[in-house]
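> Pasting work33.txt below, which is compact mmCIF, C-alpha atoms and all ligand atoms.
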```txt
# COMPACT_ATOMS: atom_id res chain seq x y z
CA MET W 208 -0.33 -10.73 -18.26
CA PRO W 209 2.70 -9.01 -19.76
CA GLU W 210 5.05 -10.74 -22.09
CA GLN W 211 7.86 -12.11 -20.05
CA LYS W 212 11.27 -13.25 -21.17
CA LEU W 213 13.62 -14.83 -18.67
CA LEU W 214 17.17 -13.49 -18.78
CA PRO W 215 19.95 -16.08 -19.26
CA PHE W 216 21.87 -15.98 -15.94
CA ALA W 217 20.77 -16.70 -12.39
CA CYS W 218 22.37 -16.56 -8.98
CA PHE W 219 22.27 -20.06 -7.49
CA ARG W 220 24.20 -21.33 -4.47
CA LYS W 221 25.89 -17.92 -4.41
CA LYS W 222 27.33 -18.34 -7.91
CA ILE W 223 26.31 -16.89 -11.24
CA VAL W 224 25.24 -19.76 -13.50
CA PRO W 225 23.22 -20.20 -16.70
CA LEU W 226 19.54 -20.25 -15.71
CA GLU W 227 19.07 -23.82 -16.96
CA GLU W 228 21.69 -25.01 -14.45
CA ALA W 229 19.82 -23.50 -11.49
CA LYS W 230 17.81 -26.58 -10.59
CA ILE W 231 16.65 -28.11 -7.36
CA ASN W 232 15.32 -31.56 -6.61
CA PHE W 233 11.58 -32.08 -6.91
CA THR W 234 11.47 -33.52 -3.39
CA SER W 235 12.58 -30.16 -2.03
CA TYR W 236 10.78 -29.04 1.12
CA SER W 237 10.27 -25.58 -0.39
CA LEU W 238 8.48 -26.99 -3.42
CA GLN W 239 6.35 -29.45 -1.45
CA TYR W 240 5.15 -26.97 1.18
CA GLY W 241 5.47 -23.58 -0.53
CA ALA W 242 8.07 -22.65 2.07
CA THR W 243 9.80 -19.77 0.34
CA CYS W 244 10.01 -16.07 0.94
CA PHE W 245 10.44 -13.87 -2.07
CA SER W 246 10.72 -10.37 -3.36
CA GLY W 247 10.01 -8.54 -6.59
CA ILE W 248 12.18 -5.60 -7.59
CA ARG W 249 12.40 -3.43 -10.70
CA GLY W 250 15.46 -2.46 -12.66
CA TYR W 251 15.20 0.35 -15.19
CA VAL W 252 17.71 0.69 -18.01
CA ARG W 253 18.55 4.35 -18.59
CA GLU W 254 21.51 5.93 -20.40
CA GLY W 255 23.71 2.82 -20.27
CA THR W 256 23.16 2.11 -16.59
CA VAL W 257 20.76 0.02 -14.59
CA ARG W 258 18.76 1.81 -11.92
CA VAL W 259 17.38 -0.50 -9.28
CA PHE W 260 14.48 0.93 -7.30
CA ARG W 261 14.76 0.86 -3.49
CA LEU W 262 17.03 -2.16 -3.42
CA TYR W 263 17.95 -1.73 0.23
CA ASP W 264 14.28 -1.48 1.27
CA HIS W 265 13.55 -4.67 -0.64
CA PHE W 266 16.45 -6.41 1.10
CA VAL W 267 15.15 -5.29 4.49
CA ARG W 268 11.64 -6.53 3.68
CA LEU W 269 12.99 -9.87 2.48
CA ALA W 270 15.14 -10.31 5.60
CA ASN W 271 12.20 -9.26 7.77
CA GLY W 272 10.01 -11.76 5.92
CA ALA W 273 12.43 -14.54 6.83
CA LYS W 274 12.44 -13.30 10.41
CA ILE W 275 8.63 -13.21 10.61
CA LEU W 276 8.42 -16.73 9.21
CA GLY W 277 11.27 -17.95 11.40
CA LEU W 278 13.38 -19.18 8.47
CA LYS W 279 17.14 -19.44 9.05
CA PHE W 280 18.53 -17.08 6.47
CA GLU W 281 21.76 -15.31 7.19
CA MET W 282 23.00 -12.84 4.65
CA SER W 283 24.34 -9.34 5.06
CA TRP W 284 23.21 -6.38 2.99
CA ASP W 285 26.71 -6.17 1.46
CA GLU W 286 26.64 -9.78 0.31
CA PHE W 287 23.09 -9.45 -1.03
CA LYS W 288 24.00 -6.32 -2.95
CA GLN W 289 27.17 -7.89 -4.33
CA LEU W 290 25.27 -10.95 -5.65
CA MET W 291 22.62 -8.65 -7.10
CA VAL W 292 25.24 -6.55 -8.93
CA GLN W 293 26.91 -9.72 -10.27
CA VAL W 294 23.71 -11.28 -11.58
CA ILE W 295 22.56 -8.02 -13.18
CA GLN W 296 25.91 -7.41 -14.83
CA ALA W 297 26.09 -11.01 -16.10
CA ASN W 298 22.73 -10.50 -17.84
CA ALA W 299 23.58 -7.02 -19.17
CA PRO W 300 19.88 -6.12 -19.54
CA GLN W 301 18.95 -3.85 -22.42
CA HIS W 302 15.35 -3.22 -21.33
CA ASP W 303 13.57 -2.58 -18.06
CA PHE W 304 13.33 -5.79 -16.08
CA TYR W 305 12.04 -7.51 -13.00
CA ILE W 306 14.25 -9.15 -10.38
CA ARG W 307 13.04 -12.11 -8.35
CA PRO W 308 15.20 -12.89 -5.30
CA PHE W 309 13.83 -15.69 -3.16
CA ILE W 310 14.76 -17.71 -0.13
CA PHE W 311 14.38 -21.47 -0.44
CA THR W 312 15.73 -24.72 0.89
CA GLU W 313 16.89 -27.70 -1.15
CA SER W 314 16.32 -30.06 1.76
CA PRO W 315 14.27 -33.13 0.78
CA MET W 316 12.87 -33.35 4.31
CA LEU W 317 9.30 -34.65 4.52
CA ASN W 318 8.62 -33.39 8.04
CA ILE W 319 6.49 -30.28 8.08
CA HIS W 320 8.62 -28.15 10.44
CA PHE W 321 11.48 -26.01 9.18
CA GLU W 322 13.55 -26.11 12.33
CA LYS W 323 17.29 -26.54 11.60
CA GLN W 324 16.83 -26.16 7.86
CA VAL W 325 19.15 -23.66 6.25
CA PHE W 326 17.69 -21.41 3.60
CA ASP W 327 19.58 -20.13 0.60
CA LEU W 328 19.07 -17.19 -1.75
CA GLY W 329 18.30 -17.55 -5.46
CA ILE W 330 17.91 -14.71 -7.96
CA TYR W 331 16.61 -14.62 -11.50
CA LEU W 332 15.60 -11.83 -13.84
CA ALA W 333 12.90 -11.35 -16.43
CA GLN W 334 12.39 -8.73 -19.07
CA ILE W 335 8.87 -7.51 -18.63
CA SER W 336 6.52 -5.05 -20.27
CA HIS W 337 3.46 -3.36 -18.79
CA VAL W 338 1.27 -5.60 -16.68
CA PHE W 339 -1.68 -3.37 -17.53
CA ASP W 340 -2.14 -0.92 -20.37
CA PRO W 341 -1.48 2.45 -18.64
CA LEU W 342 -4.11 4.17 -20.82
CA LYS W 343 -6.88 1.77 -19.91
CA GLY W 344 -8.67 1.77 -16.60
CA LEU W 345 -8.93 -1.58 -14.84
CA ARG W 346 -12.15 -3.50 -14.52
CA LEU W 347 -11.97 -4.80 -10.97
CA MET W 348 -14.12 -7.17 -8.97
CA VAL W 349 -14.38 -7.76 -5.26
CA SER W 350 -13.13 -11.29 -4.84
CA SER W 351 -15.23 -14.04 -3.35
CA TRP W 352 -11.96 -15.21 -1.79
CA GLY W 353 -11.23 -13.44 1.49
CA LYS W 354 -7.76 -12.16 2.25
CA LEU W 355 -6.07 -14.55 4.62
CA PRO W 356 -5.57 -13.00 8.04
CA ASP W 357 -2.11 -12.35 9.43
CA ASN W 358 -2.61 -14.83 12.26
CA TYR W 359 -3.14 -17.63 9.68
CA ILE W 360 -0.15 -16.88 7.46
CA PRO W 361 1.83 -13.68 8.04
CA THR W 362 0.93 -11.16 5.36
CA LYS W 363 3.91 -8.84 5.84
CA ALA W 364 6.24 -11.60 4.60
CA LYS W 365 6.02 -12.61 0.96
CA ALA W 366 5.66 -16.30 1.78
CA GLY W 367 5.40 -18.35 -1.43
CA GLY W 368 2.61 -20.62 -0.20
CA ALA W 369 0.46 -17.66 0.83
CA TYR W 370 0.28 -16.61 -2.79
CA VAL W 371 -2.21 -19.37 -3.50
CA ASN W 372 -4.65 -16.88 -1.92
CA SER W 373 -3.70 -14.17 -4.44
CA ALA W 374 -3.68 -16.68 -7.31
CA LEU W 375 -7.23 -17.81 -6.50
CA ALA W 376 -8.49 -14.23 -6.44
CA LYS W 377 -6.71 -13.14 -9.62
CA SER W 378 -7.74 -16.31 -11.50
CA GLU W 379 -11.37 -15.90 -10.45
CA ALA W 380 -11.30 -12.27 -11.64
CA MET W 381 -9.86 -13.25 -15.01
CA GLN W 382 -12.28 -16.15 -15.45
CA ASN W 383 -15.10 -13.64 -14.98
CA GLY W 384 -13.74 -11.15 -17.50
CA TYR W 385 -12.17 -8.71 -15.00
CA ASP W 386 -8.58 -7.50 -14.88
CA ASP W 387 -7.89 -7.97 -11.18
CA ALA W 388 -9.43 -8.68 -7.79
CA LEU W 389 -9.85 -6.62 -4.64
CA MET W 390 -9.69 -8.66 -1.47
CA LEU W 391 -11.66 -8.10 1.73
CA ASP W 392 -10.71 -9.17 5.22
CA GLY W 393 -13.08 -11.02 7.56
CA GLN W 394 -14.73 -7.73 8.59
CA GLY W 395 -15.45 -6.68 5.02
CA ASN W 396 -12.69 -4.09 4.77
CA VAL W 397 -10.74 -3.81 1.56
CA VAL W 398 -7.18 -4.88 2.15
CA GLU W 399 -5.41 -4.94 -1.20
CA ALA W 400 -5.57 -6.25 -4.77
CA SER W 401 -4.08 -9.63 -5.75
CA ILE W 402 -0.50 -8.34 -5.95
CA ALA W 403 -0.86 -4.60 -5.38
CA ASN W 404 -1.80 -2.13 -2.67
CA ILE W 405 -4.64 0.33 -3.05
CA PHE W 406 -5.33 4.00 -2.51
CA ILE W 407 -8.69 5.71 -2.88
CA VAL W 408 -9.63 9.35 -3.19
CA TYR W 409 -12.73 9.75 -1.07
CA ARG W 410 -14.46 13.04 -0.30
CA GLY W 411 -11.32 14.90 -1.33
CA GLU W 412 -8.97 12.88 0.89
CA VAL W 413 -6.42 10.27 -0.10
CA LEU W 414 -6.99 7.12 1.94
CA MET W 415 -5.08 3.86 2.15
CA PRO W 416 -5.79 0.76 4.27
CA GLU W 417 -4.21 0.77 7.70
CA THR W 418 -0.67 -0.61 7.95
CA GLY W 419 -1.99 -3.18 10.40
CA ALA W 420 -4.45 -4.56 7.83
CA ALA W 421 -3.64 -8.07 6.57
CA MET W 422 -1.65 -6.84 3.61
CA LEU W 423 1.86 -6.60 2.33
CA GLU W 424 3.46 -3.26 3.15
CA GLY W 425 4.25 -2.33 -0.40
CA ILE W 426 7.40 -0.42 -1.18
CA THR W 427 5.57 1.33 -4.03
CA ARG W 428 2.76 2.24 -1.58
CA ARG W 429 5.29 3.74 0.82
CA THR W 430 6.92 5.65 -2.03
CA MET W 431 3.56 6.99 -3.24
CA ALA W 432 2.59 8.11 0.27
CA GLU W 433 5.98 9.83 0.67
CA ILE W 434 5.64 11.58 -2.69
CA LEU W 435 2.10 12.75 -1.90
CA GLU W 436 3.19 14.16 1.45
CA GLU W 437 6.09 15.91 -0.23
CA GLU W 438 3.65 17.39 -2.74
CA GLY W 439 1.57 18.77 0.14
CA TYR W 440 -1.22 16.17 0.30
CA LYS W 441 -2.13 14.35 3.45
CA VAL W 442 -2.51 10.59 3.13
CA LYS W 443 -4.71 9.02 5.78
CA GLU W 444 -4.72 5.40 6.89
CA ALA W 445 -8.33 4.30 7.07
CA ARG W 446 -10.72 1.40 7.05
CA ILE W 447 -12.12 1.17 3.57
CA ASP W 448 -15.32 -0.78 3.05
CA ARG W 449 -16.94 -1.93 -0.16
CA SER W 450 -19.41 0.98 -0.30
CA MET W 451 -16.52 3.45 -0.23
CA LEU W 452 -14.99 1.70 -3.23
CA PHE W 453 -18.15 2.12 -5.24
CA THR W 454 -18.43 5.84 -4.52
CA CYS W 455 -14.81 6.98 -4.47
CA ASP W 456 -13.43 9.53 -6.96
CA GLU W 457 -10.28 7.56 -7.80
CA LEU W 458 -9.08 4.07 -7.02
CA LEU W 459 -5.41 3.31 -7.62
CA LEU W 460 -3.40 0.11 -7.52
CA THR W 461 0.32 0.35 -6.77
CA GLY W 462 3.04 -2.27 -6.86
CA THR W 463 6.36 -3.25 -8.38
CA LEU W 464 4.74 -5.15 -11.24
CA VAL W 465 1.59 -3.09 -11.60
CA GLN W 466 3.40 0.26 -11.06
CA ILE W 467 0.51 2.78 -10.85
CA ALA W 468 -2.81 1.67 -12.34
CA TYR W 469 -6.30 3.10 -11.99
CA ALA W 470 -9.72 1.52 -11.79
CA ALA W 471 -12.32 2.21 -14.44
CA SER W 472 -14.92 0.23 -12.52
CA VAL W 473 -15.52 -2.11 -9.60
CA ASN W 474 -18.11 -4.86 -10.09
CA GLY W 475 -19.49 -2.89 -13.02
CA ARG W 476 -19.93 0.37 -11.06
CA THR W 477 -18.08 3.15 -12.86
CA ILE W 478 -15.26 4.86 -10.95
CA ALA W 479 -13.36 6.83 -13.60
CA LEU W 480 -16.27 8.78 -15.11
CA ASP W 481 -14.55 9.61 -18.40
CA GLY W 482 -12.56 6.35 -18.36
CA LYS W 483 -9.31 8.31 -18.10
CA PRO W 484 -6.67 8.46 -15.32
CA GLY W 485 -7.60 10.97 -12.62
CA HIS W 486 -5.61 13.76 -11.01
CA PHE W 487 -3.75 11.62 -8.46
CA CYS W 488 -2.97 8.87 -10.94
CA LYS W 489 -1.44 11.38 -13.35
CA LEU W 490 0.46 13.18 -10.59
CA LEU W 491 1.94 9.99 -9.14
CA ARG W 492 2.91 8.59 -12.53
CA LYS W 493 4.66 11.82 -13.43
CA LYS W 494 6.55 11.97 -10.13
CA PHE W 495 7.45 8.31 -10.35
CA HIS W 496 8.94 8.87 -13.81
CA ASP W 497 10.92 11.76 -12.35
CA VAL W 498 12.22 9.47 -9.62
CA ILE W 499 13.44 6.89 -12.13
CA ASP W 500 14.89 9.53 -14.45
CA GLY W 501 16.83 11.05 -11.54
CA ASN W 502 14.79 14.27 -11.53
CA TYR W 503 13.27 13.98 -8.09
CA PRO W 504 14.97 15.17 -4.89
CA ARG W 505 14.96 11.70 -3.36
CA SER W 506 16.04 9.89 -6.54
CA THR W 507 19.61 9.33 -5.41
CA HIS W 508 18.36 8.01 -2.10
CA TRP W 509 15.95 5.55 -3.73
CA ILE W 510 18.00 4.38 -6.71
CA THR W 511 21.00 2.05 -6.76
CA GLU W 512 22.87 2.68 -9.97
CA ILE W 513 24.71 -0.30 -11.44
CA PRO W 514 26.98 0.18 -14.45
CA SER W 515 26.03 -2.42 -17.06
N1 LIG E 1 0.49 -6.70 -2.04
C1 LIG E 1 0.86 -7.90 -2.48
C2 LIG E 1 0.10 -9.11 -2.01
C3 LIG E 1 1.95 -8.04 -3.35
O1 LIG E 1 2.34 -9.25 -3.77
C4 LIG E 1 2.61 -6.88 -3.78
C5 LIG E 1 3.77 -7.01 -4.76
N2 LIG E 1 4.98 -7.18 -4.10
C6 LIG E 1 2.20 -5.64 -3.30
C7 LIG E 1 1.12 -5.59 -2.44
C8 LIG E 1 2.91 -4.37 -3.69
O2 LIG E 1 4.17 -4.33 -3.05
P1 LIG E 1 5.42 -3.59 -3.72
O3 LIG E 1 5.00 -2.19 -3.98
O4 LIG E 1 6.49 -3.69 -2.72
O5 LIG E 1 5.71 -4.32 -4.98
```
Represent the structure from my file as structure tokens, please.
Ligand code: PMP

Amino acid sequence: MPEQKLLPFACFRKKIVPLEEAKINFTSYSLQYGATCFSGIRGYVREGTVRVFRLYDHFVRLANGAKILGLKFEMSWDEFKQLMVQVIQANAPQHDFYIRPFIFTESPMLNIHFEKQVFDLGIYLAQISHVFDPLKGLRLMVSSWGKLPDNYIPTKAKAGGAYVNSALAKSEAMQNGYDDALMLDGQGNVVEASIANIFIVYRGEVLMPETGAAMLEGITRRTMAEILEEEGYKVKEARIDRSMLFTCDELLLTGTLVQIAYAASVNGRTIALDGKPGHFCKLLRKKFHDVIDGNYPRSTHWITEIPS
């Protein structure tokens, strides 16, 4: 795991406060039942400004998550953005960082239902380095934990409690000397990694699991697919089984924390023959840098610039 340093100010009850003052009671319904909905966003510090990647898309996914879960959370895009700007400016970050907005309730209610409970937004920030060494391929394992299906807990909402599933898979992988886990659905199709989406290059085509698979629709995944299409490649949604993993030419993980990582091996079967990033990994990393540096046609569309 990367080194992580929490930044000093948080947004709590719609005010900017020192992080240590952002506290909720330990009887809180959200803590007891994992009833939260969260997001993970990246801010990049470049030339004296903060560039936040696809902030609006993250807001939409967070609001949709609350809608899917049926949580009462009412906040406009303008208010969300304003709070985000305030908390970022209060922290004046000097290095690239991670933003964690989340919806929670302070209610001490013991009943299991969340009817009539009002959910609030909290935001905190952390300085973060690489999750994985970009020059080293990942050693992945297929998890013995299945990916929970969408009709058990919705997978298109980042529901806090659902992340026990990801935590089990990632912990098992680490306990067995691997870097991360790939998770299969009940039919044996690969859905995603613990906290990242996947792409594979298979018989010359770029494939990604179907949108309707029990996975989070990653904003990095969408960006990568859009970049590939713009670069003239066709990205196909497909069912990907375990055999395809073992024989693919490239296997990539994409996500806000992971960024773009590549697999060296899956369950000990070599994927990256020379151990180095493949063509698509290199291409996507380069284009993603261009996006953040403002050198890609869609940069202005995808970046919210915040003077620090
Ligand atoms: N799947 C899961 C389960 C995740 O937690 C994440 C991280 N948010 C992703 C995929 C990647 O999504 P994104 O690119 O939006 O970070």
> Got a sec to check which residues lie within 7 Å of ligand LIG 1 (chain E), using all atoms listed in the file, and send them as JSON, numbers by chain?
{"W": [246, 247, 365, 373, 399, 400, 401, 402, 403, 404, 422, 423, 424, 425, 426, 427, 428, 461, 462, 463, 464]}
> What is the distance, in Å and to one decimal place, between CA of Lys222 in chain W and CA of Met291 in chain W?
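Rounded to one decimal, the two atoms are 10.8 Å apart.
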> As a list of chain:residue names, please: the residues near range 500-509 of chain W (cut-off 6 Å, all atoms listed in the file, same-chain neighbours under 2 positions excluded).
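Near neighbours after the sequence-gap exclusion: W:Arg261, W:Asp497, W:Val498.
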> Grab the CA of Val371 in chain W to CA of Gln239 in chain W distance for me, in Å with one decimal place.
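These two atoms are separated by 13.4 Å.
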> Find the residues near Ala299 in chain W: any atom within 8 Å, counting all atoms listed in the file, skip ones fewer than 3 places away on the same chain, and give them as a ChimeraX atom specification.
/W:295-296,515
> Identify which of the residues W:Gly439, W:Gly384, W:Pro356, W:Gly344 lies closest to Val398 in chain W, counting all atoms listed in the file when measuring atom-to-atom distances.
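Under the stated criterion, the closest residue is W:Pro356.
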> Tell me which protein, DNA and RNA residues are within 8 Å of Arg268 in chain W, counting only C-alpha atoms, leaving out same-chain ones fewer than 4 positions away, and put them as a ChimeraX atom specification.
/W:264,272,364
> Between W:Glu417, W:Glu210, W:Glu512, W:Glu254, which is the closest to Glu444 in chain W once you count all atoms listed in the file?
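Of all the options, W:Glu417 lies closest to Glu444 in chain W.
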> For a test of reading the model, state the distance in Å between CA of Phe339 in chain W and CA of Ala388 in chain W, rounded to one decimal.
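Atom-to-atom, CA of Phe339 in chain W to CA of Ala388 in chain W, that is 13.5 Å.
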> Set the distance at 12 Å and use all atoms listed in the file: which residues neighbour Val294 in chain W once local chain neighbours fewer than 3 positions away are removed? I'd like the list as a CSV table (one decimal) with C-alpha atoms, in the coordinates of the input.

```csv
chain,number,residue,atom,x,y,z
W,214,LEU,CA,17.2,-13.5,-18.8
W,215,PRO,CA,20.0,-16.1,-19.3
W,216,PHE,CA,21.9,-16.0,-15.9
W,217,ALA,CA,20.8,-16.7,-12.4
W,218,CYS,CA,22.4,-16.6,-9.0
W,219,PHE,CA,22.3,-20.1,-7.5
W,221,LYS,CA,25.9,-17.9,-4.4
W,222,LYS,CA,27.3,-18.3,-7.9
W,223,ILE,CA,26.3,-16.9,-11.2
W,224,VAL,CA,25.2,-19.8,-13.5
W,225,PRO,CA,23.2,-20.2,-16.7
W,226,LEU,CA,19.5,-20.2,-15.7
W,287,PHE,CA,23.1,-9.4,-1.0
W,288,LYS,CA,24.0,-6.3,-3.0
W,289,GLN,CA,27.2,-7.9,-4.3
W,290,LEU,CA,25.3,-11.0,-5.6
W,291,MET,CA,22.6,-8.6,-7.1
W,297,ALA,CA,26.1,-11.0,-16.1
W,298,ASN,CA,22.7,-10.5,-17.8
W,299,ALA,CA,23.6,-7.0,-19.2
W,300,PRO,CA,19.9,-6.1,-19.5
W,306,ILE,CA,14.2,-9.2,-10.4
W,307,ARG,CA,13.0,-12.1,-8.4
W,308,PRO,CA,15.2,-12.9,-5.3
W,329,GLY,CA,18.3,-17.6,-5.5
W,330,ILE,CA,17.9,-14.7,-8.0
W,331,TYR,CA,16.6,-14.6,-11.5
W,332,LEU,CA,15.6,-11.8,-13.8
W,333,ALA,CA,12.9,-11.4,-16.4
W,513,ILE,CA,24.7,-0.3,-11.4
W,515,SER,CA,26.0,-2.4,-17.1
```
> List as a list in words the residues having at least one atom at most 8 Å from position (13.0, -28.4, -1.8) as given in the file, counting all atoms listed in the file.
Ile231, Asn232, Phe233, Thr234, Ser235, Tyr236, Ser237, Leu238, Gln239, Phe311, Thr312, Glu313, Ser314, Pro315 and Met316 of chain W
> What would the file look like if the residues just selected were written as a PDB file, in the coordinates of the input with C-alpha atoms?

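In the end it all went to out14.pdb:
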```pdb
ATOM      1  CA  ILE W 231      16.650 -28.110  -7.360  1.00  0.00           C
ATOM      2  CA  ASN W 232      15.320 -31.560  -6.610  1.00  0.00           C
ATOM      3  CA  PHE W 233      11.580 -32.080  -6.910  1.00  0.00           C
ATOM      4  CA  THR W 234      11.470 -33.520  -3.390  1.00  0.00           C
ATOM      5  CA  SER W 235      12.580 -30.160  -2.030  1.00  0.00           C
ATOM      6  CA  TYR W 236      10.780 -29.040   1.120  1.00  0.00           C
ATOM      7  CA  SER W 237      10.270 -25.580  -0.390  1.00  0.00           C
ATOM      8  CA  LEU W 238       8.480 -26.990  -3.420  1.00  0.00           C
ATOM      9  CA  GLN W 239       6.350 -29.450  -1.450  1.00  0.00           C
ATOM     10  CA  PHE W 311      14.380 -21.470  -0.440  1.00  0.00           C
ATOM     11  CA  THR W 312      15.730 -24.720   0.890  1.00  0.00           C
ATOM     12  CA  GLU W 313      16.890 -27.700  -1.150  1.00  0.00           C
ATOM     13  CA  SER W 314      16.320 -30.060   1.760  1.00  0.00           C
ATOM     14  CA  PRO W 315      14.270 -33.130   0.780  1.00  0.00           C
ATOM     15  CA  MET W 316      12.870 -33.350   4.310  1.00  0.00           C
TER      16      MET W 316
END
```
> Can you pull out every residue within 9 Å of Glu281 in chain W, counting all atoms listed in the file, but drop anything in the same chain fewer than 4 positions away, and send it as a list in words?
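Selected residues are Ala270, Val325, Phe326 and Asp327 of chain W.
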> Nearest to Leu278 in chain W among W:Tyr385, W:Phe487, W:Phe453, W:Phe321, with distances taken over only C-alpha atoms: which residue is it?
W:Phe321
> I'd like to know which of W:Pro484, W:Gly475, W:Gly368, W:Pro514 is closest to Lys343 in chain W, using all atoms listed in the file.
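Result for the nearest residue to Lys343 in chain W: W:Pro484.
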> Measuring between all atoms listed in the file, which one of W:Glu228, W:Asp285, W:Asp303, W:Glu322 shows the shortest distance to Val259 in chain W?
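Closest to Val259 in chain W of all the choices is W:Asp303.
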> Taking all atoms listed in the file into account, which of W:Ile310, W:Ile335, W:Ala242, W:Met431 comes nearest Gln211 in chain W?
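Checking each of W:Ile310, W:Ile335, W:Ala242, W:Met431 against Gln211 in chain W, counting all atoms listed in the file, the winner is W:Ile335.
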